[in-house]
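With PDB, C-alpha atoms inside, this is model01.pdb:
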ATOM      1  CA  MET A  43      -9.345  29.927  31.008
ATOM      2  CA  ILE A  44      -6.303  28.233  29.471
ATOM      3  CA  LEU A  45      -5.754  28.417  25.718
ATOM      4  CA  ILE A  46      -4.695  25.051  24.282
ATOM      5  CA  ASP A  47      -1.764  25.947  22.039
ATOM      6  CA  GLY A  48      -1.606  23.407  19.219
ATOM      7  CA  LYS A  49       1.225  25.287  17.534
ATOM      8  CA  LYS A  50       3.430  24.961  20.615
ATOM      9  CA  VAL A  51       2.689  21.275  21.156
ATOM     10  CA  SER A  52       3.125  20.424  17.478
ATOM     11  CA  ALA A  53       6.454  22.280  17.372
ATOM     12  CA  GLU A  54       7.767  20.186  20.270
ATOM     13  CA  LEU A  55       6.589  16.960  18.658
ATOM     14  CA  LYS A  56       8.020  18.022  15.303
ATOM     15  CA  SER A  57      11.409  18.561  16.940
ATOM     16  CA  ALA A  58      11.285  15.030  18.387
ATOM     17  CA  ILE A  59      10.431  13.610  14.943
ATOM     18  CA  ARG A  60      13.306  15.543  13.364
ATOM     19  CA  ASP A  61      15.705  14.103  15.976
ATOM     20  CA  GLU A  62      14.509  10.579  15.240
ATOM     21  CA  VAL A  63      14.954  11.075  11.491
ATOM     22  CA  THR A  64      18.500  12.323  12.141
ATOM     23  CA  GLN A  65      19.171   9.197  14.186
ATOM     24  CA  ARG A  66      17.840   7.023  11.359
ATOM     25  CA  SER A  67      20.239   8.757   8.990
ATOM     26  CA  ILE A  68      23.184   8.083  11.307
ATOM     27  CA  LEU A  69      22.207   4.399  11.325
ATOM     28  CA  GLY A  70      22.128   4.357   7.514
ATOM     29  CA  LEU A  71      18.339   3.995   7.266
ATOM     30  CA  LYS A  72      16.296   5.594   4.493
ATOM     31  CA  GLN A  73      14.431   8.876   4.783
ATOM     32  CA  PRO A  74      10.764   8.372   5.630
ATOM     33  CA  HIS A  75       8.721   9.115   2.514
ATOM     34  CA  LEU A  76       5.194  10.586   2.640
ATOM     35  CA  ALA A  77       3.213  10.989  -0.579
ATOM     36  CA  ALA A  78      -0.063  12.813  -1.177
ATOM     37  CA  ILE A  79      -2.635  12.685  -3.950
ATOM     38  CA  LEU A  80      -4.481  15.954  -4.527
ATOM     39  CA  VAL A  81      -7.502  16.135  -6.823
ATOM     40  CA  GLY A  82      -8.709  19.511  -8.088
ATOM     41  CA  ASN A  83      -7.965  22.967  -6.721
ATOM     42  CA  ASP A  84      -9.994  23.249  -3.527
ATOM     43  CA  GLY A  85      -8.510  26.176  -1.603
ATOM     44  CA  GLY A  86      -8.583  24.471   1.779
ATOM     45  CA  SER A  87      -7.019  21.297   0.441
ATOM     46  CA  GLU A  88      -4.328  23.259  -1.422
ATOM     47  CA  THR A  89      -3.341  25.072   1.781
ATOM     48  CA  TYR A  90      -3.388  21.892   3.848
ATOM     49  CA  VAL A  91      -1.314  19.826   1.422
ATOM     50  CA  ALA A  92       1.213  22.646   0.985
ATOM     51  CA  ALA A  93       1.635  22.696   4.776
ATOM     52  CA  LYS A  94       2.198  18.937   4.784
ATOM     53  CA  VAL A  95       4.929  19.250   2.158
ATOM     54  CA  LYS A  96       6.578  21.980   4.250
ATOM     55  CA  ASP A  97       6.345  19.791   7.366
ATOM     56  CA  CYS A  98       8.109  16.953   5.556
ATOM     57  CA  HIS A  99      10.957  19.249   4.520
ATOM     58  CA  GLU A 100      11.355  20.558   8.073
ATOM     59  CA  VAL A 101      11.706  17.115   9.665
ATOM     60  CA  GLY A 102      13.839  15.539   6.939
ATOM     61  CA  PHE A 103      11.179  13.449   5.203
ATOM     62  CA  GLN A 104      11.012  12.893   1.480
ATOM     63  CA  SER A 105       7.680  14.086   0.086
ATOM     64  CA  THR A 106       5.849  13.531  -3.176
ATOM     65  CA  LEU A 107       2.754  15.397  -4.361
ATOM     66  CA  ILE A 108       0.686  13.864  -7.164
ATOM     67  CA  ARG A 109      -1.911  16.166  -8.728
ATOM     68  CA  PHE A 110      -5.007  15.383 -10.770
ATOM     69  CA  SER A 111      -7.669  17.630 -12.279
ATOM     70  CA  ASP A 112     -11.118  17.547 -10.705
ATOM     71  CA  ASN A 113     -12.484  15.595 -13.682
ATOM     72  CA  VAL A 114     -10.060  12.691 -13.225
ATOM     73  CA  ALA A 115     -11.578   9.269 -13.837
ATOM     74  CA  GLN A 116     -11.885   6.991 -10.835
ATOM     75  CA  SER A 117      -9.919   4.311 -12.682
ATOM     76  CA  GLU A 118      -6.990   6.709 -13.154
ATOM     77  CA  LEU A 119      -7.028   7.540  -9.452
ATOM     78  CA  MET A 120      -7.111   3.842  -8.574
ATOM     79  CA  ASP A 121      -4.100   3.241 -10.828
ATOM     80  CA  ALA A 122      -2.152   5.951  -9.000
ATOM     81  CA  ILE A 123      -3.014   4.370  -5.641
ATOM     82  CA  ASP A 124      -1.919   0.964  -6.910
ATOM     83  CA  LYS A 125       1.454   2.400  -7.967
ATOM     84  CA  LEU A 126       1.984   3.956  -4.539
ATOM     85  CA  ASN A 127       0.975   0.702  -2.857
ATOM     86  CA  ARG A 128       3.647  -1.127  -4.847
ATOM     87  CA  ASP A 129       6.363   1.530  -4.572
ATOM     88  CA  PRO A 130       8.836   0.328  -1.910
ATOM     89  CA  SER A 131      10.280   3.830  -1.501
ATOM     90  CA  VAL A 132       6.925   5.210  -0.249
ATOM     91  CA  ASP A 133       6.288   4.500   3.434
ATOM     92  CA  GLY A 134       2.870   6.107   3.645
ATOM     93  CA  PHE A 135       0.488   8.190   1.576
ATOM     94  CA  ILE A 136      -2.803  10.024   1.746
ATOM     95  CA  VAL A 137      -5.552  10.858  -0.691
ATOM     96  CA  GLN A 138      -6.680  14.354   0.263
ATOM     97  CA  LEU A 139     -10.383  14.578   1.003
ATOM     98  CA  PRO A 140     -12.940  15.676  -0.025
ATOM     99  CA  LEU A 141     -12.965  14.241  -3.527
ATOM    100  CA  PRO A 142     -15.190  15.307  -6.446
ATOM    101  CA  ARG A 143     -18.705  13.918  -6.315
ATOM    102  CA  HIS A 144     -18.168  11.476  -9.181
ATOM    103  CA  ILE A 145     -15.445   9.670  -7.192
ATOM    104  CA  ASN A 146     -16.491   6.984  -4.723
ATOM    105  CA  GLU A 147     -14.506   7.921  -1.599
ATOM    106  CA  ASN A 148     -15.058   4.576   0.130
ATOM    107  CA  SER A 149     -13.636   2.684  -2.838
ATOM    108  CA  ILE A 150     -10.603   4.968  -2.867
ATOM    109  CA  ILE A 151      -9.951   4.535   0.858
ATOM    110  CA  GLU A 152     -10.361   0.760   0.664
ATOM    111  CA  ALA A 153      -7.853   0.610  -2.223
ATOM    112  CA  ILE A 154      -5.031   1.996  -0.042
ATOM    113  CA  ASP A 155      -2.653  -0.586   1.401
ATOM    114  CA  PRO A 156      -3.481  -0.576   5.161
ATOM    115  CA  SER A 157       0.246  -0.638   5.966
ATOM    116  CA  LYS A 158       0.621   2.696   4.100
ATOM    117  CA  ASP A 159      -2.645   4.226   5.312
ATOM    118  CA  VAL A 160      -1.122   6.979   7.443
ATOM    119  CA  ASP A 161      -4.448   8.863   7.499
ATOM    120  CA  GLY A 162      -5.865   5.920   9.451
ATOM    121  CA  PHE A 163      -9.079   5.734   7.385
ATOM    122  CA  HIS A 164      -8.872   2.185   5.999
ATOM    123  CA  PRO A 165     -11.518  -0.181   7.465
ATOM    124  CA  LEU A 166      -8.760  -2.503   8.704
ATOM    125  CA  ASN A 167      -7.102   0.267  10.701
ATOM    126  CA  ILE A 168     -10.465   1.534  11.992
ATOM    127  CA  GLY A 169     -11.363  -2.015  13.064
ATOM    128  CA  LYS A 170      -8.057  -2.491  14.877
ATOM    129  CA  MET A 171      -8.526   0.886  16.584
ATOM    130  CA  ALA A 172     -11.989  -0.157  17.791
ATOM    131  CA  LEU A 173     -10.528  -3.342  19.273
ATOM    132  CA  GLY A 174      -7.640  -1.515  20.902
ATOM    133  CA  LEU A 175      -5.074  -3.207  18.659
ATOM    134  CA  PRO A 176      -1.988  -1.438  17.258
ATOM    135  CA  SER A 177      -2.937   0.534  14.167
ATOM    136  CA  TYR A 178      -2.518   3.861  12.435
ATOM    137  CA  LEU A 179      -4.919   6.135  14.288
ATOM    138  CA  PRO A 180      -6.929   8.734  12.351
ATOM    139  CA  ALA A 181      -4.896  11.921  12.369
ATOM    140  CA  THR A 182      -7.292  14.467  13.856
ATOM    141  CA  PRO A 183      -8.653  12.256  16.687
ATOM    142  CA  SER A 184      -5.121  11.180  17.597
ATOM    143  CA  GLY A 185      -3.959  14.798  17.590
ATOM    144  CA  ILE A 186      -6.818  15.748  19.918
ATOM    145  CA  LEU A 187      -5.862  12.966  22.342
ATOM    146  CA  GLN A 188      -2.274  14.199  22.364
ATOM    147  CA  LEU A 189      -3.412  17.758  23.147
ATOM    148  CA  ILE A 190      -5.561  16.478  26.017
ATOM    149  CA  ASP A 191      -2.652  14.442  27.328
ATOM    150  CA  TYR A 192      -0.163  17.318  27.023
ATOM    151  CA  TYR A 193      -2.372  19.658  29.041
ATOM    152  CA  LYS A 194      -3.108  16.916  31.597
ATOM    153  CA  ILE A 195      -6.853  17.290  31.147
ATOM    154  CA  GLU A 196      -8.658  14.624  33.170
ATOM    155  CA  THR A 197     -10.928  12.414  31.055
ATOM    156  CA  SER A 198     -11.645   9.397  33.265
ATOM    157  CA  GLY A 199     -15.256   9.423  34.414
ATOM    158  CA  ARG A 200     -15.962  12.689  32.593
ATOM    159  CA  HIS A 201     -18.916  13.224  30.278
ATOM    160  CA  CYS A 202     -17.697  14.029  26.763
ATOM    161  CA  VAL A 203     -20.153  15.343  24.171
ATOM    162  CA  ILE A 204     -19.050  15.185  20.540
ATOM    163  CA  ILE A 205     -21.049  17.119  17.938
ATOM    164  CA  GLY A 206     -20.540  15.520  14.532
ATOM    165  CA  ARG A 207     -20.397  11.837  13.583
ATOM    166  CA  SER A 208     -18.093  11.811  10.551
ATOM    167  CA  ASN A 209     -15.847   8.815   9.934
ATOM    168  CA  ILE A 210     -12.883  11.201   9.943
ATOM    169  CA  VAL A 211     -13.339  12.803  13.385
ATOM    170  CA  GLY A 212     -16.513  12.299  15.412
ATOM    171  CA  THR A 213     -17.052   8.547  15.228
ATOM    172  CA  PRO A 214     -13.420   7.408  15.723
ATOM    173  CA  LEU A 215     -12.930  10.000  18.468
ATOM    174  CA  SER A 216     -15.981   8.678  20.322
ATOM    175  CA  ILE A 217     -14.394   5.218  20.283
ATOM    176  CA  LEU A 218     -10.968   6.435  21.404
ATOM    177  CA  LEU A 219     -12.299   8.505  24.309
ATOM    178  CA  SER A 220     -14.496   5.672  25.572
ATOM    179  CA  ARG A 221     -11.672   3.099  25.575
ATOM    180  CA  LYS A 222     -10.072   1.878  28.778
ATOM    181  CA  SER A 223      -6.952   4.006  28.396
ATOM    182  CA  SER A 224      -5.500   7.403  29.155
ATOM    183  CA  PRO A 225      -6.764   9.703  27.755
ATOM    184  CA  GLY A 226     -10.030   7.789  27.755
ATOM    185  CA  ASN A 227     -12.564   6.218  30.122
ATOM    186  CA  CYS A 228     -15.047   8.948  29.185
ATOM    187  CA  THR A 229     -18.780   8.545  29.060
ATOM    188  CA  VAL A 230     -19.340   9.687  25.471
ATOM    189  CA  THR A 231     -22.465  11.135  23.888
ATOM    190  CA  LEU A 232     -22.203  11.386  20.098
ATOM    191  CA  CYS A 233     -24.575  14.030  18.711
ATOM    192  CA  HIS A 234     -25.584  14.719  15.119
ATOM    193  CA  SER A 235     -28.151  16.418  12.913
ATOM    194  CA  GLN A 236     -31.005  14.275  14.257
ATOM    195  CA  THR A 237     -30.189  14.728  17.948
ATOM    196  CA  LYS A 238     -33.037  16.158  20.003
ATOM    197  CA  GLY A 239     -32.357  18.580  22.851
ATOM    198  CA  LEU A 240     -28.801  19.304  21.772
ATOM    199  CA  LYS A 241     -28.411  22.384  23.961
ATOM    200  CA  GLU A 242     -29.451  20.496  27.086
ATOM    201  CA  ILE A 243     -27.027  17.664  26.263
ATOM    202  CA  CYS A 244     -24.148  20.085  25.683
ATOM    203  CA  LEU A 245     -24.816  21.760  29.039
ATOM    204  CA  GLN A 246     -24.099  18.409  30.725
ATOM    205  CA  ALA A 247     -20.674  18.077  29.084
ATOM    206  CA  ASP A 248     -17.394  18.244  30.972
ATOM    207  CA  ILE A 249     -15.637  18.038  27.594
ATOM    208  CA  LEU A 250     -17.266  19.461  24.452
ATOM    209  CA  ILE A 251     -15.874  18.623  21.024
ATOM    210  CA  ALA A 252     -17.354  20.477  18.041
ATOM    211  CA  ALA A 253     -16.661  18.750  14.720
ATOM    212  CA  LEU A 254     -19.582  19.516  12.425
ATOM    213  CA  GLY A 255     -18.235  22.173  10.040
ATOM    214  CA  LYS A 256     -20.698  24.963  10.865
ATOM    215  CA  PRO A 257     -19.030  28.257  11.811
ATOM    216  CA  ALA A 258     -19.770  29.533  15.339
ATOM    217  CA  PHE A 259     -22.440  26.847  15.850
ATOM    218  CA  LEU A 260     -21.622  26.225  19.506
ATOM    219  CA  THR A 261     -22.678  29.317  21.422
ATOM    220  CA  GLY A 262     -21.986  30.402  24.971
ATOM    221  CA  ASP A 263     -25.409  29.360  26.267
ATOM    222  CA  MET A 264     -24.608  25.743  25.300
ATOM    223  CA  VAL A 265     -21.513  25.580  27.543
ATOM    224  CA  LYS A 266     -21.465  24.917  31.267
ATOM    225  CA  GLN A 267     -19.001  26.714  33.525
ATOM    226  CA  GLY A 268     -15.587  25.048  33.614
ATOM    227  CA  ALA A 269     -16.059  22.882  30.528
ATOM    228  CA  VAL A 270     -13.208  21.919  28.197
ATOM    229  CA  ILE A 271     -13.853  22.820  24.538
ATOM    230  CA  ILE A 272     -12.070  21.308  21.547
ATOM    231  CA  ASP A 273     -12.962  23.115  18.311
ATOM    232  CA  VAL A 274     -12.272  21.014  15.210
ATOM    233  CA  GLY A 275     -13.953  23.352  12.719
ATOM    234  CA  THR A 276     -11.940  25.087   9.978
ATOM    235  CA  THR A 277     -14.429  26.702   7.612
ATOM    236  CA  ARG A 278     -13.392  29.496   5.261
ATOM    237  CA  VAL A 279     -15.648  32.519   5.706
ATOM    238  CA  PRO A 280     -15.517  35.908   3.929
ATOM    239  CA  SER A 281     -13.430  38.597   5.609
ATOM    240  CA  LEU A 282     -12.803  42.254   4.804
ATOM    241  CA  THR A 283      -9.785  42.407   7.110
ATOM    242  CA  THR A 284      -7.534  39.863   5.399
ATOM    243  CA  LYS A 285      -5.585  40.082   2.148
ATOM    244  CA  SER A 286      -6.981  36.757   0.961
ATOM    245  CA  GLY A 287     -10.565  37.883   1.497
ATOM    246  CA  PHE A 288     -11.358  35.056   3.880
ATOM    247  CA  ARG A 289     -10.523  33.792   7.361
ATOM    248  CA  LEU A 290     -10.822  30.463   9.145
ATOM    249  CA  SER A 291     -13.762  30.066  11.486
ATOM    250  CA  GLY A 292     -14.195  27.314  14.033
ATOM    251  CA  ASP A 293     -17.434  25.588  15.014
ATOM    252  CA  VAL A 294     -17.400  27.451  18.342
ATOM    253  CA  ASN A 295     -18.377  31.058  18.990
ATOM    254  CA  PHE A 296     -15.076  31.728  20.735
ATOM    255  CA  GLU A 297     -15.976  35.129  22.224
ATOM    256  CA  GLU A 298     -19.084  33.715  23.910
ATOM    257  CA  ALA A 299     -17.730  30.336  24.978
ATOM    258  CA  ALA A 300     -14.163  31.098  26.082
ATOM    259  CA  PRO A 301     -15.012  33.001  29.301
ATOM    260  CA  LYS A 302     -16.893  29.937  30.593
ATOM    261  CA  CYS A 303     -14.175  27.375  29.777
ATOM    262  CA  SER A 304     -11.355  25.854  31.782
ATOM    263  CA  PHE A 305      -9.559  24.987  28.510
ATOM    264  CA  ILE A 306     -10.324  25.850  24.880
ATOM    265  CA  THR A 307      -8.624  25.453  21.498
ATOM    266  CA  PRO A 308      -8.375  28.455  19.153
ATOM    267  CA  VAL A 309      -8.979  28.409  15.402
ATOM    268  CA  PRO A 310      -6.529  28.536  13.802
ATOM    269  CA  GLY A 311      -3.661  27.239  15.929
ATOM    270  CA  GLY A 312      -5.457  24.562  17.924
ATOM    271  CA  VAL A 313      -6.290  21.154  16.479
ATOM    272  CA  GLY A 314      -5.066  21.834  12.909
ATOM    273  CA  PRO A 315      -1.295  21.683  13.536
ATOM    274  CA  MET A 316      -1.752  18.438  15.476
ATOM    275  CA  THR A 317      -3.480  16.715  12.561
ATOM    276  CA  ARG A 318      -0.405  17.277  10.412
ATOM    277  CA  ILE A 319       1.924  16.081  13.168
ATOM    278  CA  VAL A 320       0.086  12.762  13.437
ATOM    279  CA  LEU A 321       0.607  12.202   9.703
ATOM    280  CA  LEU A 322       4.344  12.583  10.298
ATOM    281  CA  GLN A 323       4.207  10.284  13.327
ATOM    282  CA  ASN A 324       2.321   7.616  11.394
ATOM    283  CA  THR A 325       4.730   7.860   8.462
ATOM    284  CA  LEU A 326       7.716   7.541  10.771
ATOM    285  CA  LYS A 327       6.075   4.499  12.356
ATOM    286  CA  ALA A 328       5.498   2.985   8.909
ATOM    287  CA  ALA A 329       9.145   3.563   7.970
ATOM    288  CA  GLY A 330      10.312   2.001  11.240
ATOM    289  CA  GLU A 331       8.207  -1.102  10.741
ATOM    290  CA  LYS A 332      10.000  -1.784   7.443
ATOM    291  CA  ARG A 333      13.386  -1.918   9.219
ATOM    292  CA  ARG A 334      15.423  -0.698   6.332
TER
END
Spell out the structure here as structure tokens.
Amino acid sequence: MILIDGKKVSAELKSAIRDEVTQRSILGLKQPHLAAILVGNDGGSETYVAAKVKDCHEVGFQSTLIRFSDNVAQSELMDAIDKLNRDPSVDGFIVQLPLPRHINENSIIEAIDPSKDVDGFHPLNIGKMALGLPSYLPATPSGILQLIDYYKIETSGRHCVIIGRSNIVGTPLSILLSRKSSPGNCTVTLCHSQTKGLKEICLQADILIAALGKPAFLTGDMVKQGAVIIDVGTTRVPSLTTKSGFRLSGDVNFEEAAPKCSFITPVPGGVGPMTRIVLLQNTLKAAGEKRR
């Protein structure tokens, strides 16, 4: 069993980004600028956005964090997005999800200028991705592809089972892995809450990707010998052994599944660091396309 080390891969990619930013500076080009809108005080979102700000500092990006209370009006949020869309100094920005229930997430995503949509969630970018056209790829699916590529995991002709059909991970990842590309050329089965015979389907998988947000959902008896497992889950669960009182749990029962795997991602330290790296990559791409 080989542990897929997202921290190691992301560190190497971060170094390459930092070198490119240094080269831009030598050429007299502006610092790439990534902005983030954070609504409320969700613990997971706070941690994630703080890590993004730190990442920007480490690679030489400019970063801006815009905060709103969790009772912000949708119109106020839309105004902030409009200002970022029109701000020539901002190359890309994200609106951290999830949003409070009174905010229409689809309307917020659609309001973002597709050329600044470094999360890759805008319908235009999703549509281009589905057609195999150049676009900003969704961060987590793109990060997973880069991990697969780094570890030279064969995907062509393999059966990939994805548990979870969200627009953020499961659905776009199913499209990317089925495309005629490398990594890709998988036969993909996309499972969800209404799937019948889930265990039997999982046991057929050469590559299993758990992205449903239920701690330790994927158990050892759902994994065939030699399978590759990518665990996307990052749920906070109570813990008596940590100072914070919680720990991160993946969607996979690691102790049960790992002995049967050829490759597996840990939580934390697997997919998470790669998601943040893709945001930097997309922002750098956005800055480069402006040629200034």
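If you measure from each of A:Ala253, A:Val95, A:Ile44, A:Ala258 to A:Cys303 using all atoms listed in the file, the closest one turns out to be A:Ile44.
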Go through the shown structure with the PyMOL selection byres ((chain A and resi 325-330) around 8) and write out the matching residues as an mmCIF file with C-alpha atoms, keeping the file's coordinate frame.
data_model
loop_
_atom_site.group_PDB
_atom_site.id
_atom_site.type_symbol
_atom_site.label_atom_id
_atom_site.label_comp_id
_atom_site.auth_asym_id
_atom_site.auth_seq_id
_atom_site.Cartn_x
_atom_site.Cartn_y
_atom_site.Cartn_z
ATOM 1 C CA ILE A 59 10.431 13.610 14.943
ATOM 2 C CA PRO A 74 10.764 8.372 5.630
ATOM 3 C CA HIS A 75 8.721 9.115 2.514
ATOM 4 C CA LEU A 76 5.194 10.586 2.640
ATOM 5 C CA ASP A 133 6.288 4.500 3.434
ATOM 6 C CA GLY A 134 2.870 6.107 3.645
ATOM 7 C CA SER A 157 0.246 -0.638 5.966
ATOM 8 C CA LYS A 158 0.621 2.696 4.100
ATOM 9 C CA VAL A 160 -1.122 6.979 7.443
ATOM 10 C CA LEU A 321 0.607 12.202 9.703
ATOM 11 C CA LEU A 322 4.344 12.583 10.298
ATOM 12 C CA GLN A 323 4.207 10.284 13.327
ATOM 13 C CA ASN A 324 2.321 7.616 11.394
ATOM 14 C CA GLU A 331 8.207 -1.102 10.741
ATOM 15 C CA LYS A 332 10.000 -1.784 7.443
ATOM 16 C CA ARG A 333 13.386 -1.918 9.219
ATOM 17 C CA ARG A 334 15.423 -0.698 6.332
#
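Compared by their closest atoms to A:Leu232, and using all atoms listed in the file, the residues A:Gly206, A:Gly255, A:Pro176, A:Gly275 rank with A:Gly206 nearest.
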**Message:** I need every residue sitting at most 12 Å from the point (-25.5, 26.5, 25.7) (coordinates as in the file, all atoms listed in the file considered), written as a PyMOL selection string.
**Reply:** chain A and resi 239-247+250+259-267+269+294-295+298-299+302
**Request:** Can you pull out every residue within 12 Å of A:Ser149, counting only C-alpha atoms, but drop anything in the same chain fewer than 6 positions away, and send it as a PyMOL selection string?
**Result:** chain A and resi 116-117+119-120+123+137+141+163-165
**Item:** Result set, the PyMOL selection byres ((chain A and resi 210-223) around 8) on current file, as a PyMOL selection string
**Value:** chain A and resi 163+168+171-172+174+180+182-184+197+204-209+224-232+253
**Message:** Need to verify the contact set: A:Asp47, 12 Å, all atoms listed in the file, exclusion of same-chain residues closer than 2 positions in sequence. Can you return it as a VMD selection string?
**Reply:** chain A and resid 44 to 45 49 to 54 186 188 to 190 192 to 193 272 305 to 316
**Request:** Give as a PyMOL selection string the residues that the PyMOL selection byres ((chain A and resi 103) around 6) matches when applied to the coordinates above.
**Result:** chain A and resi 73-75+98-99+101-102+104
**Item:** Contacts of A:Pro280 at 9 Å (all atoms listed in the file; same-chain gap of 2+ positions) as a list in words
**Value:** Arg278, Leu282, Gly287, Phe288, Arg289 and Leu290 of chain A
